[in-house]
Each structure stands twice: as structure tokens, then as C-alpha cells.
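Following: one structure in C-alpha cells, then a few remarks.
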Amino acid sequence: MSAEREIIKEYSNKELTVIWKPKKCIHSEECVKRLPEVYNPDRRPWVMAENATVDALKTQIEACPSGALSYKIMGEESKEEVYLETKVEVLENGPLLVYGTLHVTKPNGAREQKNKTTAFCRCGASQNKPYCDGSHLKSGFKG
Ligand code: SF4
Ligand code: FES
């Protein structure tokens, strides 16, 4: 388990709560492209879950490439599933995406389990290494 506290933001409509973990967000803006009526980084709050149906939210949340988004329904947290197949994808000008359940050991010996998708920094600018925190956009990383 990591000693760092994870920041978690929640945005609810009556049935579903969108959970966003900013440190995992790689700012690909897939969410904004798929449901612009819900996600708008220029608005506060930037997520308005009441602007889409539960089904539309679930489909879009499952497409979040970094796993920064998840949801719970009626107080029941969506299960962090264990994925046995591991796949690796290099995102152009962005992180290395590793799909599957991983056990990551940090330089200080702290271990943590990652499920679904983990984005590893390739640009060197992340403040949350070894993970991507979206800083590749600001640093103009190409590669
Ligand atoms: S990583 Fe997920 S939450 Fe972050 S911008 Fe992309 S789709 Fe949205
Ligand atoms: S690749 Fe995203 S912060 Fe480095």
C-alpha cells in the first residue's frame, strides 16, 4: 500500500456517482469528447453527472484510458476488477499505458496494486512518478 493519500473527487446525480482521481488523469480529454455536456474543464464543477443517463456515463467511464474515472451506483462502489491479460500501448506524445493487474514496487520499497489501466510517465515531467499526471502536455513532450 502506498503511504501517499490519493485525492478522490466525486460528482453525483441521483443514481450514479462519478469518481475522478486527478493524479491518474492523463488529460487525454476522451471524456470531454464523448460527453461534453457532462465534462467541461472550463466549468466548476467540471463534471455534471446529472447531464447524462446512467448508461451513457457507464459506457464513457469505461473508455477512460487511464482509469482516472470510475463510478459507484447506489452507494455500491464499482469493483476494481482483476485483469489477467497484460497489454502495453505507447500513447503518442504521452504515457506508456499498461492494461492489466500490476504490482508496482517504488524506489522506497512501497508496493501497490494497480488494476485495469496504469499510465507510466515517458516524458520525465510528472510530479507523480512513475505514473503520468498529464504534465507531458505542458512540457510539450514529443515522442
Ligand atoms: S484520462 Fe480519463 S478523466 Fe482524464 S481526461 Fe482522459 S478520459 Fe478524462
Ligand atoms: S508522460 Fe505524462 S507526465 Fe510524463
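Identifiers for the C-alpha cells are assigned positionally: chains receive A, B, ... in sequence, residues are indexed from 1 per chain, and ligands are indexed from 1 in the order shown.
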Strand (DSSP E or B) positions in chain A, given as a PyMOL selection string: chain A and resi 9-12+16-20+39+47+69-73+76-77+87-90+96-99+102-105+111-114+117-120+131
Mind writing the picked residues with C-alpha atoms as a PDB file, in the first residue's frame?
```
ATOM      1  CA  LYS A   9     -13.344  13.740  -6.237  1.00  0.00           C
ATOM      2  CA  GLU A  10     -16.964  12.643  -6.508  1.00  0.00           C
ATOM      3  CA  TYR A  11     -19.794  14.040  -8.621  1.00  0.00           C
ATOM      4  CA  SER A  12     -23.272  12.574  -8.154  1.00  0.00           C
ATOM      5  CA  LEU A  16     -24.658   7.259 -10.129  1.00  0.00           C
ATOM      6  CA  THR A  17     -21.561   8.884  -8.638  1.00  0.00           C
ATOM      7  CA  VAL A  18     -18.667   9.680 -10.954  1.00  0.00           C
ATOM      8  CA  ILE A  19     -15.346   9.173  -9.159  1.00  0.00           C
ATOM      9  CA  TRP A  20     -12.330  11.059 -10.507  1.00  0.00           C
ATOM     10  CA  TYR A  39     -17.293  17.126 -18.712  1.00  0.00           C
ATOM     11  CA  VAL A  47     -18.207  17.230 -14.020  1.00  0.00           C
ATOM     12  CA  LEU A  69     -12.618   7.728 -13.837  1.00  0.00           C
ATOM     13  CA  SER A  70     -14.736   5.091 -12.139  1.00  0.00           C
ATOM     14  CA  TYR A  71     -18.246   5.079 -10.705  1.00  0.00           C
ATOM     15  CA  LYS A  72     -20.453   3.752  -7.962  1.00  0.00           C
ATOM     16  CA  ILE A  73     -24.155   3.130  -8.138  1.00  0.00           C
ATOM     17  CA  GLU A  76     -22.069   0.434  -4.155  1.00  0.00           C
ATOM     18  CA  GLU A  77     -18.509   1.054  -5.394  1.00  0.00           C
ATOM     19  CA  LYS A  87      -1.176  -5.345 -22.754  1.00  0.00           C
ATOM     20  CA  VAL A  88       1.125  -2.371 -23.351  1.00  0.00           C
ATOM     21  CA  GLU A  89       0.362   0.626 -25.535  1.00  0.00           C
ATOM     22  CA  VAL A  90       2.547   3.646 -26.253  1.00  0.00           C
ATOM     23  CA  LEU A  96       3.001   4.235 -21.606  1.00  0.00           C
ATOM     24  CA  LEU A  97      -0.357   2.596 -20.933  1.00  0.00           C
ATOM     25  CA  VAL A  98      -0.221  -0.828 -19.313  1.00  0.00           C
ATOM     26  CA  TYR A  99      -3.500  -2.739 -19.158  1.00  0.00           C
ATOM     27  CA  LEU A 102       0.106  -4.965 -11.867  1.00  0.00           C
ATOM     28  CA  HIS A 103       2.149  -4.986  -8.683  1.00  0.00           C
ATOM     29  CA  VAL A 104       4.341  -1.891  -8.704  1.00  0.00           C
ATOM     30  CA  THR A 105       7.316  -1.521  -6.339  1.00  0.00           C
ATOM     31  CA  ARG A 111       4.233  -1.615  -3.167  1.00  0.00           C
ATOM     32  CA  GLU A 112       0.854  -1.059  -4.688  1.00  0.00           C
ATOM     33  CA  GLN A 113      -1.557  -2.994  -6.824  1.00  0.00           C
ATOM     34  CA  LYS A 114      -2.885  -1.350  -9.963  1.00  0.00           C
ATOM     35  CA  THR A 117      -5.077   0.626 -16.763  1.00  0.00           C
ATOM     36  CA  THR A 118      -1.896   2.260 -15.472  1.00  0.00           C
ATOM     37  CA  ALA A 119      -0.234   5.189 -17.247  1.00  0.00           C
ATOM     38  CA  PHE A 120       3.553   5.411 -16.759  1.00  0.00           C
ATOM     39  CA  TYR A 131       2.901   7.497 -13.132  1.00  0.00           C
TER      40      TYR A 131
END
```
Backbone DSSP call of helix (DSSP H, G or I) for chain A, listed as a PyMOL selection string: chain A and resi 22-24+30-34+49-51+54-62+135-139
Just C-alpha atoms for this one: save the residues we selected as a PDB file, in the first residue's frame.
```
ATOM      1  CA  PRO A  22      -6.853  13.579 -10.625  1.00  0.00           C
ATOM      2  CA  LYS A  23      -3.411  12.057 -10.113  1.00  0.00           C
ATOM      3  CA  LYS A  24      -4.289   9.287 -12.564  1.00  0.00           C
ATOM      4  CA  GLU A  30     -11.651  11.366 -24.079  1.00  0.00           C
ATOM      5  CA  CYS A  31     -14.350  12.176 -21.501  1.00  0.00           C
ATOM      6  CA  VAL A  32     -14.805  15.706 -22.871  1.00  0.00           C
ATOM      7  CA  LYS A  33     -15.036  14.408 -26.458  1.00  0.00           C
ATOM      8  CA  ARG A  34     -17.564  11.694 -25.598  1.00  0.00           C
ATOM      9  CA  ALA A  49     -23.233  13.888 -13.781  1.00  0.00           C
ATOM     10  CA  GLU A  50     -26.898  14.949 -13.989  1.00  0.00           C
ATOM     11  CA  ASN A  51     -26.425  15.841 -17.670  1.00  0.00           C
ATOM     12  CA  VAL A  54     -26.536   6.202 -16.225  1.00  0.00           C
ATOM     13  CA  ASP A  55     -25.864   4.005 -19.283  1.00  0.00           C
ATOM     14  CA  ALA A  56     -24.146   6.806 -21.193  1.00  0.00           C
ATOM     15  CA  LEU A  57     -21.967   7.604 -18.166  1.00  0.00           C
ATOM     16  CA  LYS A  58     -21.010   3.954 -17.623  1.00  0.00           C
ATOM     17  CA  THR A  59     -20.003   3.454 -21.277  1.00  0.00           C
ATOM     18  CA  GLN A  60     -17.936   6.643 -21.301  1.00  0.00           C
ATOM     19  CA  ILE A  61     -16.291   5.983 -17.905  1.00  0.00           C
ATOM     20  CA  GLU A  62     -15.222   2.527 -19.050  1.00  0.00           C
ATOM     21  CA  SER A 135       2.391  17.082 -17.371  1.00  0.00           C
ATOM     22  CA  HIS A 136       3.541  15.860 -20.835  1.00  0.00           C
ATOM     23  CA  LEU A 137       1.041  18.318 -22.331  1.00  0.00           C
ATOM     24  CA  LYS A 138       2.547  21.340 -20.542  1.00  0.00           C
ATOM     25  CA  SER A 139       6.117  20.236 -21.233  1.00  0.00           C
TER      26      SER A 139
END
```
Sort by chain and increasing residue number a table of all residues of chain A within 7 Å of ligand 2, each with its closest pair of atoms and their distance in Å to one decimal, counting only C-alpha atoms and all ligand atoms, and write it as JSON lines.
```
{"residue": "A:Ile26", "atom": "CA", "partner": "ligand 2", "partner_atom_place_in_ligand_line": "2 (Fe)", "distance": 6.1}
{"residue": "A:Gly94", "atom": "CA", "partner": "ligand 2", "partner_atom_place_in_ligand_line": "1 (S)", "distance": 4.4}
{"residue": "A:Pro95", "atom": "CA", "partner": "ligand 2", "partner_atom_place_in_ligand_line": "1 (S)", "distance": 3.9}
{"residue": "A:Phe120", "atom": "CA", "partner": "ligand 2", "partner_atom_place_in_ligand_line": "1 (S)", "distance": 6.5}
{"residue": "A:Cys121", "atom": "CA", "partner": "ligand 2", "partner_atom_place_in_ligand_line": "1 (S)", "distance": 3.7}
{"residue": "A:Arg122", "atom": "CA", "partner": "ligand 2", "partner_atom_place_in_ligand_line": "1 (S)", "distance": 4.3}
{"residue": "A:Cys123", "atom": "CA", "partner": "ligand 2", "partner_atom_place_in_ligand_line": "4 (Fe)", "distance": 3.9}
{"residue": "A:Gly124", "atom": "CA", "partner": "ligand 2", "partner_atom_place_in_ligand_line": "4 (Fe)", "distance": 5.1}
{"residue": "A:Ala125", "atom": "CA", "partner": "ligand 2", "partner_atom_place_in_ligand_line": "4 (Fe)", "distance": 5.0}
{"residue": "A:Ser126", "atom": "CA", "partner": "ligand 2", "partner_atom_place_in_ligand_line": "3 (S)", "distance": 4.0}
{"residue": "A:Cys132", "atom": "CA", "partner": "ligand 2", "partner_atom_place_in_ligand_line": "2 (Fe)", "distance": 3.9}
{"residue": "A:Asp133", "atom": "CA", "partner": "ligand 2", "partner_atom_place_in_ligand_line": "3 (S)", "distance": 4.7}
{"residue": "A:Gly134", "atom": "CA", "partner": "ligand 2", "partner_atom_place_in_ligand_line": "2 (Fe)", "distance": 4.5}
{"residue": "A:Ser135", "atom": "CA", "partner": "ligand 2", "partner_atom_place_in_ligand_line": "3 (S)", "distance": 4.0}
{"residue": "A:His136", "atom": "CA", "partner": "ligand 2", "partner_atom_place_in_ligand_line": "3 (S)", "distance": 4.3}
```
Based on the selection just made, write N, CA, C and O atoms of those residues as a CSV table (one decimal), in the first residue's frame.
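Now in result_13.csv:
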```csv
chain,number,residue,atom,x,y,z
A,26,ILE,N,-4.6,11.5,-17.4
A,26,ILE,CA,-3.5,11.9,-18.3
A,26,ILE,C,-4.0,13.0,-19.3
A,26,ILE,O,-3.3,13.2,-20.3
A,94,GLY,N,2.8,11.0,-25.2
A,94,GLY,CA,2.2,10.8,-23.9
A,94,GLY,C,2.8,9.5,-23.2
A,94,GLY,O,3.8,9.1,-23.5
A,95,PRO,N,2.0,9.0,-22.2
A,95,PRO,CA,2.5,8.0,-21.4
A,95,PRO,C,2.5,6.6,-22.0
A,95,PRO,O,2.0,6.4,-23.1
A,120,PHE,N,2.2,5.1,-17.3
A,120,PHE,CA,3.6,5.4,-16.8
A,120,PHE,C,4.1,6.6,-17.6
A,120,PHE,O,4.0,6.6,-18.8
A,121,CYS,N,4.8,7.5,-16.8
A,121,CYS,CA,5.4,8.7,-17.5
A,121,CYS,C,6.5,8.3,-18.4
A,121,CYS,O,7.4,7.5,-18.0
A,122,ARG,N,6.5,8.9,-19.6
A,122,ARG,CA,7.6,8.7,-20.5
A,122,ARG,C,8.4,10.0,-20.7
A,122,ARG,O,9.5,10.0,-21.3
A,123,CYS,N,7.8,11.1,-20.3
A,123,CYS,CA,8.4,12.4,-20.6
A,123,CYS,C,9.3,12.9,-19.5
A,123,CYS,O,10.1,13.8,-19.8
A,124,GLY,N,9.2,12.4,-18.3
A,124,GLY,CA,10.1,12.8,-17.2
A,124,GLY,C,9.6,14.0,-16.4
A,124,GLY,O,10.1,14.4,-15.4
A,125,ALA,N,8.4,14.6,-16.8
A,125,ALA,CA,8.0,15.8,-16.2
A,125,ALA,C,6.9,15.5,-15.1
A,125,ALA,O,6.5,16.5,-14.4
A,126,SER,N,6.5,14.3,-14.9
A,126,SER,CA,5.4,14.0,-14.0
A,126,SER,C,5.8,14.3,-12.5
A,126,SER,O,7.0,14.1,-12.1
A,132,CYS,N,2.1,8.8,-14.9
A,132,CYS,CA,1.8,10.1,-15.7
A,132,CYS,C,0.8,10.9,-14.9
A,132,CYS,O,-0.2,10.4,-14.4
A,133,ASP,N,1.0,12.2,-14.9
A,133,ASP,CA,0.0,13.1,-14.3
A,133,ASP,C,-0.5,14.1,-15.3
A,133,ASP,O,-1.1,15.2,-14.9
A,134,GLY,N,-0.3,13.9,-16.5
A,134,GLY,CA,-0.7,14.9,-17.6
A,134,GLY,C,0.3,16.0,-17.9
A,134,GLY,O,0.0,16.8,-18.8
A,135,SER,N,1.4,16.0,-17.2
A,135,SER,CA,2.4,17.1,-17.4
A,135,SER,C,3.0,17.1,-18.8
A,135,SER,O,3.6,18.1,-19.2
A,136,HIS,N,2.9,15.9,-19.5
A,136,HIS,CA,3.5,15.9,-20.8
A,136,HIS,C,2.9,16.9,-21.8
A,136,HIS,O,3.6,17.4,-22.7
```
Atomic distance CA of Leu84 (chain A) - CA of Arg5 (chain A), expressed in Å with one decimal: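 Computed distance, CA of Leu84 (chain A) to CA of Arg5 (chain A), equals 26.7 Å.
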From A:Ile7, A:Leu35, A:Ala68, A:Ala52, residue lying nearest ligand 1 [only C-alpha atoms and all ligand atoms]: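 Looking at the shortest contact to ligand 1, the residue is A:Ala68.
Closest approach to His27 (chain A) from the set A:Ile8, A:Ala110, A:Met74, A:Cys64 is made by A:Cys64, with distances taken over only C-alpha atoms.
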Closest of A:Lys21, A:Gln127, A:Met48, A:Ser28 to ligand 1 - atom-to-atom distances counting only C-alpha atoms and all ligand atoms: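 The shortest atom-to-atom distance to ligand 1 comes from A:Ser28.
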From A:Ser66, A:Thr53, A:Asn13, A:Glu6, residue lying nearest ligand 1 [only C-alpha atoms and all ligand atoms]: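 Ranking A:Ser66, A:Thr53, A:Asn13, A:Glu6 by distance to ligand 1, first place goes to A:Ser66.
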Top pick for closest residue to ligand 1, considering A:Pro107, A:Pro36, A:Pro130, A:Pro45 and counting only C-alpha atoms and all ligand atoms: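 Answer, going by the shortest atom-to-atom distance: A:Pro36.
A straight line drawn from atom 2 (Fe, counted along the ligand's line) of ligand 1 to CA of Cys25 (chain A) is 5.4 Å long.
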Two-atom distance - CA of Pro65 (chain A), CA of Gly109 (chain A) (Å): 27.1 Å
